[in-house]
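Chemist: The structure is given below, and queries will be raised subsequently.
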Amino acid sequence: MSDAERDTPATPPAADQAPAEAVPNGLAPHELTPPASAAGTAARSALLLGTFTLIFTALMALTFEATREPIRASVEARRLELIAQVLPQGDYDNALLTDIVQLPTLPALGIAGPVTLHRARRGADPVALVFEAQAPDGYSGTIRLLIALRADGTLGGVRVVAHKETPGLGDYIDPAKDRAAPKWIAQFAGRDTAQADNWTVRKDGGDFAYMTGATISPRAVVRAAGRAVAAIAPAREALFGLPTGASAGEVFK
Amino acid sequence: MITALLVMAGLALVLGATLGAASVLFKTQGDPLVDKIDAILPQTQCGQCGYPGCKPYATAIAGGDADINQCPPGGDEGVRKLADLLGREYKPLNAEHGVEKPKSVALIDEATCIGCTLCIQACPVDAIVGAAKQMHTIVGDLCTGCELCVPPCPADCIDMVPVTETVESWKWRYPVFELKVQPATLPAKEAA
Amino acid sequence: MNLEERTAYGDIGRKGLWENNTALVQLLGLCPLLAVSNTLVNAVSLALATVLVMALASGAVAALRTLIPYEIRIPVFILIIAALVTCLDLAFNAWLHELYLVLGIFIPLIVTNCIVLARVEAFAAKNSPLAAAWDGAAMGVGLLWVLALLGGARELIGAGTLFSGIDMIIPGAQALKVLGDDYPGLLIAILPPGAFILLGLLIAARNAWVARAAAARPAAPHAPVDTASA
Amino acid sequence: MLNKLFSFNGGVKPDPNKSASTREPIARLALPPQLVIPLHQHIGGTPRPLVTVGSTVLGGQRIGAPDGNVSSAVHAPTSGRVVAIEPRPMPHASGLSSPAVVIEPDGLDTAIERELFDWHAAAPGEIRDFLRDAGVVGLGGAVFPSHLKLNPGKSGHTDTLVINGAECEPFITCDDMLMRAEPGNILRGALIMQRMLAAKQVLVALEDNKPEAAAALKSAARALGHASLEVVVVPTRYPAGGAKQLIRVLTGIEVPHGSRSTDFGVQCFNVATALAVWRALEHGEPLTRRIVTVTGNVERPRNFDVAIGTPISHLFAAAGLKPDTDKLIMGGPMMGIPLPNIDAPVVKATNCLLASSPTLFAPPEPELPCIRCGECARACPADLQPFELYWHSRARNFGRAQEYKLFDCIECGCCAYVCPSHIPLVDYYRYAKSEIWARERDKDAADSARERFEFRNWRADREKEEKAAKLAARNAAKPAVKPADGAAPAADVAPSAGEDPKKALIEAAMARARAQKEAVAAKNTDALTPAQQAQIDAAEERRKRASELSGSDAPVK
Amino acid sequence: MYNSPYLRQNTSVRRVMVTVLVAMLPAIAMQVWLFGIGLLLQIAIASATALACEAAMLSLRRRPVARALGDGSALVTAWLIAVCLPPLLPWWMIVIGTSFAIIIGKHLYGGLGQNPFNPAMLAYCVLIISFPALMSQWPGLQGSDAATQLNWVLGGERALDAVTGATPLDALRTGLLGNADVSAVMQSPAFGHVAGAGWEWVALAWGAGGLLLLALRIITWHIPAAFLGAMALVSGVAWLIDPSHYASPAFHLLAGGTMLGAFFIATDPVSGATTPRGKLIFAAGIALIAWLIRAFGAYPDGIAFAVLLLNICVPLIDIKTQPPVFGHKVEPPDGGAR
């Protein structure tokens, strides 16, 4: 009870205010304007609040300007770092983040709406395609994946970007939560994608490992990755050929 | 950036004007707190708190002029109730104002009373009857035990007699609880 | 600074760190406290941000207190706090981006942390800028040590490590595997229920401590220093 | 005819233990050397003593007059001498004393001349007064003055009169034996009551574990041949004899706490009360004796016909108290009260005296925490949640206890009887109830003190105002004098007097007071101007008058 | 000094608790017969831990240790914890769960009679949240010999793949997520007749123990009836709407912890509702939430979470369902004091 009361800032913590209904001690006393008229007080309040607002909004605006560039750099660095987990940064030398193609809505990717596909090149040679896909059938909801497909048809790697799997049970698909060594997700790296459509876990007759008692999450990841790769792999040469920023709708017709 | 500044300043002007006007238009009046405090005080009207009666003391507490631990007849329980009501920290009774005593009533030794009426004037609750040159009697049921009648008596004929238990006022005791439990007085609670 | 002032400052510090501790006594601002205390690094980072905001906001309000009319004090306080938090949020985003992503919404939420506004309203509005800044810092540090304890305990029990995620602040630094690689981890400690259970235990421990201390010296009521008028 | 019985929730079935005291018929107990007759034996005002120490009394003589209508008279059971009127220990759980008339019987047992009363011809109000003066109160244990209950109320009639012979507590058999001994007179008393209440039917109810009493009553009822009179046998279940539970069983009506059953068209009396009414009205006999069961840990358990005021030790001597007795109880084992003093007298409420030994009633096992199993709620005949009452009573959270209807608890003891944690639940309710009553007394006292204090302040203000007004009037009467005074001290207030007439008056009064003082102080100074002297004289004159007027200012020496 | 009533019924908390333990025996026997003796070892570990923790906490709190230990409540908690865990857990998990239940779940709230949450369910939730993988490994019906089971519980060897199987609820959930429909999942031989081979018999044994408790008046009919009724109703409605995605009421009644929950868990008087109407609401609420968790939640069975959720609501339920007091049956139950 008393805690709830204390939570309201209007009645501040008990110990150090002497009278409960503290009249403004140090605050500008309104006795200065003895018979306060509503209009007068309103005008004075409005002006003062306006002044304070201007000062502090200016402070915020200046900070915003000052941090704009560093923030942009940070966001970019973060994105590259994430991609580096499926495609080492040394493998390519182009501006990966700007070398993009818009994929149309593909059922195989599991994402409603267009998807941005990044293209990595070393000099003029195509190196890999990097794109996102989603597994809709995780144990508790969809699992977002980042996939790198190399130009030679092998898989660069798969990384779980976001998931809601049961902590301690199915969440080993996320390398940050996986206590095993090597990480479970590492078994995607370097795989040949020719049979990607049929990828599945060992329990279902495939050759992907899983942990006892938690089959659903790895099965979902493996199947989703396989489906996505199988859809993109045949079109990879065409995708590399498209101009930057183009829509890849024609390729998948 | 200029837009942001203008929007914020505009908002501030409107809000400031509203708040300023509201502070004048919706000023609250009256203080029901005094009555709530007065209801907790024991109404002995003894003045031990330093105020001429319970109501003035209640007003002083509400106004922040008096502390909550100045009422010996209200005792420890009274201080706790006041602390609860006001959300203040409990503190033990201030010994300067006296100590908690068992409830007693004044009794006039009728043989010695000279009928001076001084005690009648001192009694804050009209619990003494009598007239000039007549023997006075204290109505026991009305006496609050404030002791204000004792000092003025020139004949020293008023005694304070502790109230004894009768069959009617007898109370059943708190049952002996077998497992050691001391409810209600955890120091941690007071510190909070 | 004379002796009297010094005791007053000491009193402010003691209140903030122990007697009126935000997290253990006043139970204010528990939402971020419970949400981000899953690792030591997260907990300390958010707490440091809060300390900074509290000290600056209290100091700023105290410095401006004679200019602020009573009836618009709350919007002005909020404005000051919000401006400070916004700047801090932008700074985190720019220079501690990983941590910014982890702490997420909880940095902006410092604005609505009741403890900040509570101290500004209860203390800073009535005291000198120095005292107010000290009070804000003390209250913040009170929150900091509890958060650090809570975060450390949750991380240790839940994962057997300390300082995981330190690389977000000091690149290349490693987490300590205190309980070794084989420790299975009591996952509940890291999950939300663990925050409630451990905070409850901390509060209980403090109450037990206070009760014992009070029992040890029964008749020594220290004269309370009225910090409000210090 | 009553063809349907209802039921109440809860209740328990403890071992009745009634056979021991029903083997022998009721015995009339010889008079003790001293009778202690408490003046206050019933609910209501304490009677005033009508006798003085040293006076002689006759059997049936009134020794205590009822104090107001909610009270009842007290009588001497036999002839003798009043040796003391003083506080004596009472048969009460507190063991405290209360005023009593102590009579030494002279052994002659001379009765006072009975005033015979033609109740057939009397108005109901007269009958009620007669019963009040005959000291007839409820003998089932509540000792509520019976004349108050024999009033049909505003409606002028009652549906059902219940005569309660469902003596449900274990061990107690006084009503059982009385019903076996005097069934006819009980029923005659019931018919008188029926007439007074204008009741449509009379139900004499008793439990099915008293077949002899039931048979006796039934045959007596047949003999009387009243169609509206019926003997009803109800199932044995404690507390079926509680008035509210019995009314519920017979009529299906639930009388809530704080309401009178008359408002629901039902009135309930104990069988012994019915007999007492008949004796009072038919023979002019006041209530000076009653049947008391003496049982438990005694050699010869039985029922005694005892003069009220007989020391309890006398009864136990007659029944042969066993040496391992550890405790004496007045009443039954479920609701009885402990008797701290064996010399306390039998009063009108004493239905049973129970000697307890550790083997008969084992001391309770240590109290364990409540596990909220709900057994108590299932056993509660008042449909309460006893564990909640306990919870709040134990925490001294009396407001919440009252919200859970603490005062609907009849303290029947069913909850404590079934509690697997052995919690003395009823003790907590008794504690909470008496605390709440004490607080209410304190609060009423505080409220009245506040009122009187405020009235006194108001009166003081008024007196002050009146005095000021009087003085002002006097000032106004001699306006010319003041300026003429010249150097008189009153002159220095004149400049400020203009702005506020009231203020001016008060200040003038104060100034005069000052003047008086100075005048007194200056009394022996020499070299006064004539004007000053005149002023002083005037002041002295006023002072004298004032002190004569008020009287209260009289200097005390 | 003590006052009336001087007569006392021959009853005690200990007697109540021992009766509950006895009523658990049929189901324990059934589980041991079906899954091996691992459970007995678990009961022993849980009992020892519970008694040790109880004794330690009592002496820390300066209460009479022997008397409170003798009431048997710690043993009931220990046994309930042991029977709802998979029977091959490593010993330290049982120790963690049991000590959490006794120390934090019971004594930190004030000991017997004061705990707002069911201690056994607290232990279960702590364990399933902390160790979801281990908590979902149930031994297969074929069982294994005693020495192997001992080794699993006491030793570190945990190559369980060969012998463990999912519970029927788990299997159903996995199957449904794999886009199979209910009847296809049920075709699997492990499913027995209704709710999993063996599981049905365990559930029926719990039901038998529950009937014993009812017969001995340790519990009232309200909670089991409302629990099972609500479970049947809600699962039945869903099943009628879409039998390919929702299992039948018979399955839900006999699978997982339904019977155990209805007769032994939800009927815990300390943490449950106490008024008759309150008991109905309380138990129906548990059943509803448990079914929701089974059908849509992240864990295969939801009895434990549902019980804890409804435990929180008990004070509210009790206050709002106060039965009318004698003579006050026409008024609202909280219509003013006196």
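Chain lettering (A, B, ...) mirrors the order of the structure tokens, residue numbering begins at 1 for each chain separately, and ligand numbering begins at 1 in order of display.
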Using only C-alpha atoms, find the residues of chain D whose closest atom to chain B is at most 9 Å away, then write them as a PyMOL selection string.
Modeler: chain D and resi 90+92-98+366-369+394-396+423-424+427-428+430-435+437-438+442-443+445-457+551-552+554+556
Chemist: Write down as a PyMOL selection string the residues of range 84-231 of chain A whose backbone DSSP state falls under alpha helix (DSSP H).
Modeler: chain A and resi 84+216-231
Chemist: Would you please work out which residue, of D:Glu365, D:Glu466, D:Glu167, D:Glu440, is nearest to chain E when using only C-alpha atoms?
Modeler: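 Looking only at the distances to chain E, the closest residue turns out to be D:Glu365.
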Chemist: So the first atom is CA of Ala401 in chain D and the second is CA of Glu388 in chain D; what is the distance between them in Å, to one decimal place?
Modeler: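 Computing it gives 7.5 Å between the two atoms.
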Chemist: Considering only C-alpha atoms, extract the chain A residues located within 10 Å of chain E and return them as a ChimeraX atom specification.
Modeler: /A:137-141,164-170,211-216,219-220
Chemist: I need the residues from that last selection saved to file as a PDB file, in the first residue's frame (with N, CA, C and O atoms), if you can.
Modeler:
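Result file is result.pdb:
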```pdb
ATOM      1  N   ASP A 137       7.887 -21.624 -38.500  1.00  0.00           N
ATOM      2  CA  ASP A 137       7.407 -22.711 -37.657  1.00  0.00           C
ATOM      3  C   ASP A 137       8.353 -23.015 -36.499  1.00  0.00           C
ATOM      4  O   ASP A 137       8.603 -24.164 -36.184  1.00  0.00           O
ATOM      5  N   GLY A 138       8.891 -21.976 -35.896  1.00  0.00           N
ATOM      6  CA  GLY A 138       9.656 -22.190 -34.662  1.00  0.00           C
ATOM      7  C   GLY A 138       8.721 -22.651 -33.561  1.00  0.00           C
ATOM      8  O   GLY A 138       7.493 -22.612 -33.700  1.00  0.00           O
ATOM      9  N   TYR A 139       9.310 -23.067 -32.420  1.00  0.00           N
ATOM     10  CA  TYR A 139       8.484 -23.576 -31.329  1.00  0.00           C
ATOM     11  C   TYR A 139       7.577 -22.474 -30.798  1.00  0.00           C
ATOM     12  O   TYR A 139       6.436 -22.709 -30.455  1.00  0.00           O
ATOM     13  N   SER A 140       8.096 -21.257 -30.721  1.00  0.00           N
ATOM     14  CA  SER A 140       7.234 -20.156 -30.295  1.00  0.00           C
ATOM     15  C   SER A 140       7.385 -18.977 -31.245  1.00  0.00           C
ATOM     16  O   SER A 140       7.873 -17.935 -30.878  1.00  0.00           O
ATOM     17  N   GLY A 141       6.981 -19.174 -32.476  1.00  0.00           N
ATOM     18  CA  GLY A 141       6.959 -18.053 -33.398  1.00  0.00           C
ATOM     19  C   GLY A 141       8.049 -18.135 -34.452  1.00  0.00           C
ATOM     20  O   GLY A 141       8.775 -19.126 -34.556  1.00  0.00           O
ATOM     21  N   LYS A 164      12.326 -16.444 -30.683  1.00  0.00           N
ATOM     22  CA  LYS A 164      11.673 -16.454 -29.382  1.00  0.00           C
ATOM     23  C   LYS A 164      11.645 -17.869 -28.812  1.00  0.00           C
ATOM     24  O   LYS A 164      10.736 -18.236 -28.076  1.00  0.00           O
ATOM     25  N   GLU A 165      12.626 -18.684 -29.190  1.00  0.00           N
ATOM     26  CA  GLU A 165      12.602 -20.090 -28.752  1.00  0.00           C
ATOM     27  C   GLU A 165      12.808 -20.191 -27.247  1.00  0.00           C
ATOM     28  O   GLU A 165      13.356 -19.289 -26.609  1.00  0.00           O
ATOM     29  N   THR A 166      12.363 -21.314 -26.681  1.00  0.00           N
ATOM     30  CA  THR A 166      12.442 -21.515 -25.235  1.00  0.00           C
ATOM     31  C   THR A 166      13.882 -21.389 -24.747  1.00  0.00           C
ATOM     32  O   THR A 166      14.763 -22.093 -25.234  1.00  0.00           O
ATOM     33  N   PRO A 167      14.112 -20.510 -23.788  1.00  0.00           N
ATOM     34  CA  PRO A 167      15.479 -20.374 -23.271  1.00  0.00           C
ATOM     35  C   PRO A 167      15.953 -21.704 -22.681  1.00  0.00           C
ATOM     36  O   PRO A 167      15.211 -22.381 -21.976  1.00  0.00           O
ATOM     37  N   GLY A 168      17.165 -22.055 -23.040  1.00  0.00           N
ATOM     38  CA  GLY A 168      17.749 -23.268 -22.489  1.00  0.00           C
ATOM     39  C   GLY A 168      17.320 -24.528 -23.188  1.00  0.00           C
ATOM     40  O   GLY A 168      17.838 -25.598 -22.907  1.00  0.00           O
ATOM     41  N   LEU A 169      16.336 -24.422 -24.084  1.00  0.00           N
ATOM     42  CA  LEU A 169      15.873 -25.628 -24.765  1.00  0.00           C
ATOM     43  C   LEU A 169      16.145 -25.515 -26.271  1.00  0.00           C
ATOM     44  O   LEU A 169      17.043 -26.140 -26.791  1.00  0.00           O
ATOM     45  N   GLY A 170      15.383 -24.651 -26.932  1.00  0.00           N
ATOM     46  CA  GLY A 170      15.539 -24.554 -28.379  1.00  0.00           C
ATOM     47  C   GLY A 170      16.433 -23.413 -28.800  1.00  0.00           C
ATOM     48  O   GLY A 170      16.704 -23.221 -29.982  1.00  0.00           O
ATOM     49  N   MET A 211      19.714 -31.413 -30.916  1.00  0.00           N
ATOM     50  CA  MET A 211      19.886 -31.872 -29.541  1.00  0.00           C
ATOM     51  C   MET A 211      18.622 -32.557 -29.049  1.00  0.00           C
ATOM     52  O   MET A 211      17.506 -32.137 -29.364  1.00  0.00           O
ATOM     53  N   THR A 212      18.838 -33.590 -28.225  1.00  0.00           N
ATOM     54  CA  THR A 212      17.712 -34.370 -27.723  1.00  0.00           C
ATOM     55  C   THR A 212      16.697 -33.468 -27.022  1.00  0.00           C
ATOM     56  O   THR A 212      17.056 -32.600 -26.254  1.00  0.00           O
ATOM     57  N   GLY A 213      15.446 -33.722 -27.323  1.00  0.00           N
ATOM     58  CA  GLY A 213      14.408 -33.003 -26.609  1.00  0.00           C
ATOM     59  C   GLY A 213      14.059 -31.673 -27.215  1.00  0.00           C
ATOM     60  O   GLY A 213      13.106 -31.033 -26.804  1.00  0.00           O
ATOM     61  N   ALA A 214      14.855 -31.228 -28.200  1.00  0.00           N
ATOM     62  CA  ALA A 214      14.565 -29.929 -28.798  1.00  0.00           C
ATOM     63  C   ALA A 214      14.783 -30.026 -30.289  1.00  0.00           C
ATOM     64  O   ALA A 214      15.800 -29.625 -30.821  1.00  0.00           O
ATOM     65  N   THR A 215      13.840 -30.600 -30.985  1.00  0.00           N
ATOM     66  CA  THR A 215      13.959 -30.859 -32.409  1.00  0.00           C
ATOM     67  C   THR A 215      13.318 -29.758 -33.233  1.00  0.00           C
ATOM     68  O   THR A 215      13.717 -29.510 -34.363  1.00  0.00           O
ATOM     69  N   ILE A 216      12.317 -29.129 -32.644  1.00  0.00           N
ATOM     70  CA  ILE A 216      11.476 -28.259 -33.456  1.00  0.00           C
ATOM     71  C   ILE A 216      12.244 -27.052 -33.974  1.00  0.00           C
ATOM     72  O   ILE A 216      12.195 -26.725 -35.160  1.00  0.00           O
ATOM     73  N   ARG A 219      14.903 -27.942 -36.608  1.00  0.00           N
ATOM     74  CA  ARG A 219      14.221 -28.400 -37.818  1.00  0.00           C
ATOM     75  C   ARG A 219      13.701 -27.194 -38.590  1.00  0.00           C
ATOM     76  O   ARG A 219      13.850 -27.109 -39.819  1.00  0.00           O
ATOM     77  N   ALA A 220      13.112 -26.247 -37.881  1.00  0.00           N
ATOM     78  CA  ALA A 220      12.565 -25.059 -38.533  1.00  0.00           C
ATOM     79  C   ALA A 220      13.665 -24.273 -39.229  1.00  0.00           C
ATOM     80  O   ALA A 220      13.510 -23.837 -40.376  1.00  0.00           O
TER      81      ALA A 220
END
```
Chemist: Each residue of chain E lying at most 12 Å from chain C should get a row with its shortest atom-to-atom pair and the distance in Å to one decimal, counting only C-alpha atoms; could you produce that, ordered by chain and increasing number, as a tab-separated table?
Modeler:
```
residue	atom	partner	partner_atom	distance
E:Arg61	CA	C:Ala208	CA	11.8
E:Pro90	CA	C:Pro184	CA	11.9
E:Trp92	CA	C:Pro184	CA	11.1
E:Met93	CA	C:Leu186	CA	9.9
E:Ile96	CA	C:Leu186	CA	9.5
E:Gly97	CA	C:Leu186	CA	10.9
E:Phe100	CA	C:Ile197	CA	10.7
E:Ile103	CA	C:Leu201	CA	11.3
E:Ile104	CA	C:Ile197	CA	8.7
E:Gly105	CA	C:Ile197	CA	10.3
E:Leu108	CA	C:Ala204	CA	8.9
E:Tyr109	CA	C:Ala204	CA	10.8
E:Leu122	CA	C:Pro193	CA	11.1
E:Ala123	CA	C:Ile188	CA	11.3
E:Tyr124	CA	C:Ile188	CA	11.7
E:Cys125	CA	C:Ile188	CA	9.1
E:Val126	CA	C:Ile188	CA	6.3
E:Leu127	CA	C:Ile188	CA	8.0
E:Ile128	CA	C:Ile188	CA	8.8
E:Ile129	CA	C:Ile188	CA	5.7
E:Ser130	CA	C:Leu187	CA	4.0
E:Phe131	CA	C:Leu187	CA	6.9
E:Pro132	CA	C:Leu187	CA	9.1
E:Ala133	CA	C:Pro184	CA	11.2
E:Leu134	CA	C:Pro184	CA	10.8
E:Gly156	CA	C:Asp182	CA	11.6
```
Chemist: Only N, CA and C atoms, please: the residues just picked out, written as a PDB file, in the first residue's frame.
Modeler:
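File written: result.pdb
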```pdb
ATOM      1  N   ARG E  61      14.460 -19.426  12.343  1.00  0.00           N
ATOM      2  CA  ARG E  61      13.348 -18.560  12.733  1.00  0.00           C
ATOM      3  C   ARG E  61      12.972 -18.756  14.193  1.00  0.00           C
ATOM      4  N   PRO E  90      18.981 -35.653 -12.615  1.00  0.00           N
ATOM      5  CA  PRO E  90      20.114 -35.744 -11.689  1.00  0.00           C
ATOM      6  C   PRO E  90      19.713 -35.236 -10.303  1.00  0.00           C
ATOM      7  N   TRP E  92      20.919 -33.314  -8.085  1.00  0.00           N
ATOM      8  CA  TRP E  92      21.045 -31.924  -7.647  1.00  0.00           C
ATOM      9  C   TRP E  92      19.878 -31.065  -8.109  1.00  0.00           C
ATOM     10  N   MET E  93      19.232 -31.466  -9.176  1.00  0.00           N
ATOM     11  CA  MET E  93      18.061 -30.701  -9.601  1.00  0.00           C
ATOM     12  C   MET E  93      16.923 -30.844  -8.606  1.00  0.00           C
ATOM     13  N   ILE E  96      17.778 -28.685  -5.687  1.00  0.00           N
ATOM     14  CA  ILE E  96      17.518 -27.256  -5.956  1.00  0.00           C
ATOM     15  C   ILE E  96      16.023 -26.959  -5.875  1.00  0.00           C
ATOM     16  N   GLY E  97      15.245 -27.783  -6.555  1.00  0.00           N
ATOM     17  CA  GLY E  97      13.797 -27.538  -6.585  1.00  0.00           C
ATOM     18  C   GLY E  97      13.181 -27.604  -5.209  1.00  0.00           C
ATOM     19  N   PHE E 100      14.255 -24.740  -2.948  1.00  0.00           N
ATOM     20  CA  PHE E 100      13.580 -23.498  -3.349  1.00  0.00           C
ATOM     21  C   PHE E 100      12.150 -23.483  -2.797  1.00  0.00           C
ATOM     22  N   ILE E 103      12.419 -23.204   1.245  1.00  0.00           N
ATOM     23  CA  ILE E 103      13.041 -21.996   1.807  1.00  0.00           C
ATOM     24  C   ILE E 103      12.355 -20.745   1.274  1.00  0.00           C
ATOM     25  N   ILE E 104      12.301 -20.619  -0.040  1.00  0.00           N
ATOM     26  CA  ILE E 104      11.751 -19.384  -0.602  1.00  0.00           C
ATOM     27  C   ILE E 104      10.229 -19.454  -0.706  1.00  0.00           C
ATOM     28  N   GLY E 105       9.749 -20.610  -1.173  1.00  0.00           N
ATOM     29  CA  GLY E 105       8.303 -20.710  -1.382  1.00  0.00           C
ATOM     30  C   GLY E 105       7.505 -20.773  -0.107  1.00  0.00           C
ATOM     31  N   LEU E 108      10.116 -18.148   3.645  1.00  0.00           N
ATOM     32  CA  LEU E 108      10.297 -16.702   3.512  1.00  0.00           C
ATOM     33  C   LEU E 108       8.960 -15.980   3.542  1.00  0.00           C
ATOM     34  N   TYR E 109       7.880 -16.703   3.305  1.00  0.00           N
ATOM     35  CA  TYR E 109       6.562 -16.091   3.405  1.00  0.00           C
ATOM     36  C   TYR E 109       5.964 -16.261   4.790  1.00  0.00           C
ATOM     37  N   LEU E 122       5.916 -24.137  -7.402  1.00  0.00           N
ATOM     38  CA  LEU E 122       7.040 -23.200  -7.528  1.00  0.00           C
ATOM     39  C   LEU E 122       8.295 -23.962  -7.924  1.00  0.00           C
ATOM     40  N   ALA E 123       8.539 -25.074  -7.224  1.00  0.00           N
ATOM     41  CA  ALA E 123       9.732 -25.868  -7.520  1.00  0.00           C
ATOM     42  C   ALA E 123       9.703 -26.339  -8.966  1.00  0.00           C
ATOM     43  N   TYR E 124       8.528 -26.822  -9.399  1.00  0.00           N
ATOM     44  CA  TYR E 124       8.417 -27.321 -10.764  1.00  0.00           C
ATOM     45  C   TYR E 124       8.718 -26.206 -11.775  1.00  0.00           C
ATOM     46  N   CYS E 125       8.160 -25.024 -11.520  1.00  0.00           N
ATOM     47  CA  CYS E 125       8.359 -23.920 -12.467  1.00  0.00           C
ATOM     48  C   CYS E 125       9.815 -23.474 -12.501  1.00  0.00           C
ATOM     49  N   VAL E 126      10.436 -23.380 -11.330  1.00  0.00           N
ATOM     50  CA  VAL E 126      11.846 -22.994 -11.301  1.00  0.00           C
ATOM     51  C   VAL E 126      12.653 -23.976 -12.137  1.00  0.00           C
ATOM     52  N   LEU E 127      12.367 -25.254 -11.986  1.00  0.00           N
ATOM     53  CA  LEU E 127      13.163 -26.256 -12.702  1.00  0.00           C
ATOM     54  C   LEU E 127      12.873 -26.243 -14.193  1.00  0.00           C
ATOM     55  N   ILE E 128      11.598 -26.097 -14.553  1.00  0.00           N
ATOM     56  CA  ILE E 128      11.327 -26.187 -15.995  1.00  0.00           C
ATOM     57  C   ILE E 128      11.810 -24.931 -16.711  1.00  0.00           C
ATOM     58  N   ILE E 129      11.821 -23.807 -15.989  1.00  0.00           N
ATOM     59  CA  ILE E 129      12.348 -22.588 -16.619  1.00  0.00           C
ATOM     60  C   ILE E 129      13.874 -22.681 -16.718  1.00  0.00           C
ATOM     61  N   SER E 130      14.484 -23.222 -15.677  1.00  0.00           N
ATOM     62  CA  SER E 130      15.946 -23.248 -15.657  1.00  0.00           C
ATOM     63  C   SER E 130      16.537 -24.358 -16.514  1.00  0.00           C
ATOM     64  N   PHE E 131      15.881 -25.516 -16.489  1.00  0.00           N
ATOM     65  CA  PHE E 131      16.463 -26.665 -17.199  1.00  0.00           C
ATOM     66  C   PHE E 131      15.431 -27.291 -18.124  1.00  0.00           C
ATOM     67  N   PRO E 132      14.977 -26.545 -19.129  1.00  0.00           N
ATOM     68  CA  PRO E 132      13.894 -27.086 -19.955  1.00  0.00           C
ATOM     69  C   PRO E 132      14.282 -28.373 -20.660  1.00  0.00           C
ATOM     70  N   ALA E 133      15.537 -28.514 -21.021  1.00  0.00           N
ATOM     71  CA  ALA E 133      15.918 -29.715 -21.765  1.00  0.00           C
ATOM     72  C   ALA E 133      15.796 -30.945 -20.877  1.00  0.00           C
ATOM     73  N   LEU E 134      16.411 -30.875 -19.697  1.00  0.00           N
ATOM     74  CA  LEU E 134      16.355 -32.027 -18.797  1.00  0.00           C
ATOM     75  C   LEU E 134      14.933 -32.318 -18.353  1.00  0.00           C
ATOM     76  N   GLY E 156      26.906 -38.911 -13.403  1.00  0.00           N
ATOM     77  CA  GLY E 156      26.879 -37.866 -14.406  1.00  0.00           C
ATOM     78  C   GLY E 156      26.479 -38.381 -15.778  1.00  0.00           C
TER      79      GLY E 156
END
```
Chemist: Would you kindly return, as a list of chain:residue names, each protein, DNA or RNA residue with an atom no farther than 8 Å from any atom of Gly189 in chain D, considering only C-alpha atoms and excluding same-chain residues fewer than 4 positions away?
Modeler: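 Result of the neighbour search: D:Asn185, D:Met193, D:Ala274, D:Leu275, D:Ala276, D:Val277, D:Trp278, D:Arg279.
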Chemist: Those selected residues, please, written with C-alpha atoms and delivered as an mmCIF file, in the first residue's frame.
Modeler:
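After the write, selection29.cif holds the following:
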```cif
data_model
loop_
_atom_site.group_PDB
_atom_site.id
_atom_site.type_symbol
_atom_site.label_atom_id
_atom_site.label_comp_id
_atom_site.auth_asym_id
_atom_site.auth_seq_id
_atom_site.Cartn_x
_atom_site.Cartn_y
_atom_site.Cartn_z
ATOM 1 C CA ASN D 185 -46.717 -26.409 33.987
ATOM 2 C CA MET D 193 -46.894 -16.408 26.816
ATOM 3 C CA ALA D 274 -41.944 -20.674 30.606
ATOM 4 C CA LEU D 275 -42.200 -22.439 33.942
ATOM 5 C CA ALA D 276 -40.962 -19.343 35.791
ATOM 6 C CA VAL D 277 -43.615 -17.239 34.054
ATOM 7 C CA TRP D 278 -46.327 -19.696 35.056
ATOM 8 C CA ARG D 279 -45.153 -19.786 38.678
#
```
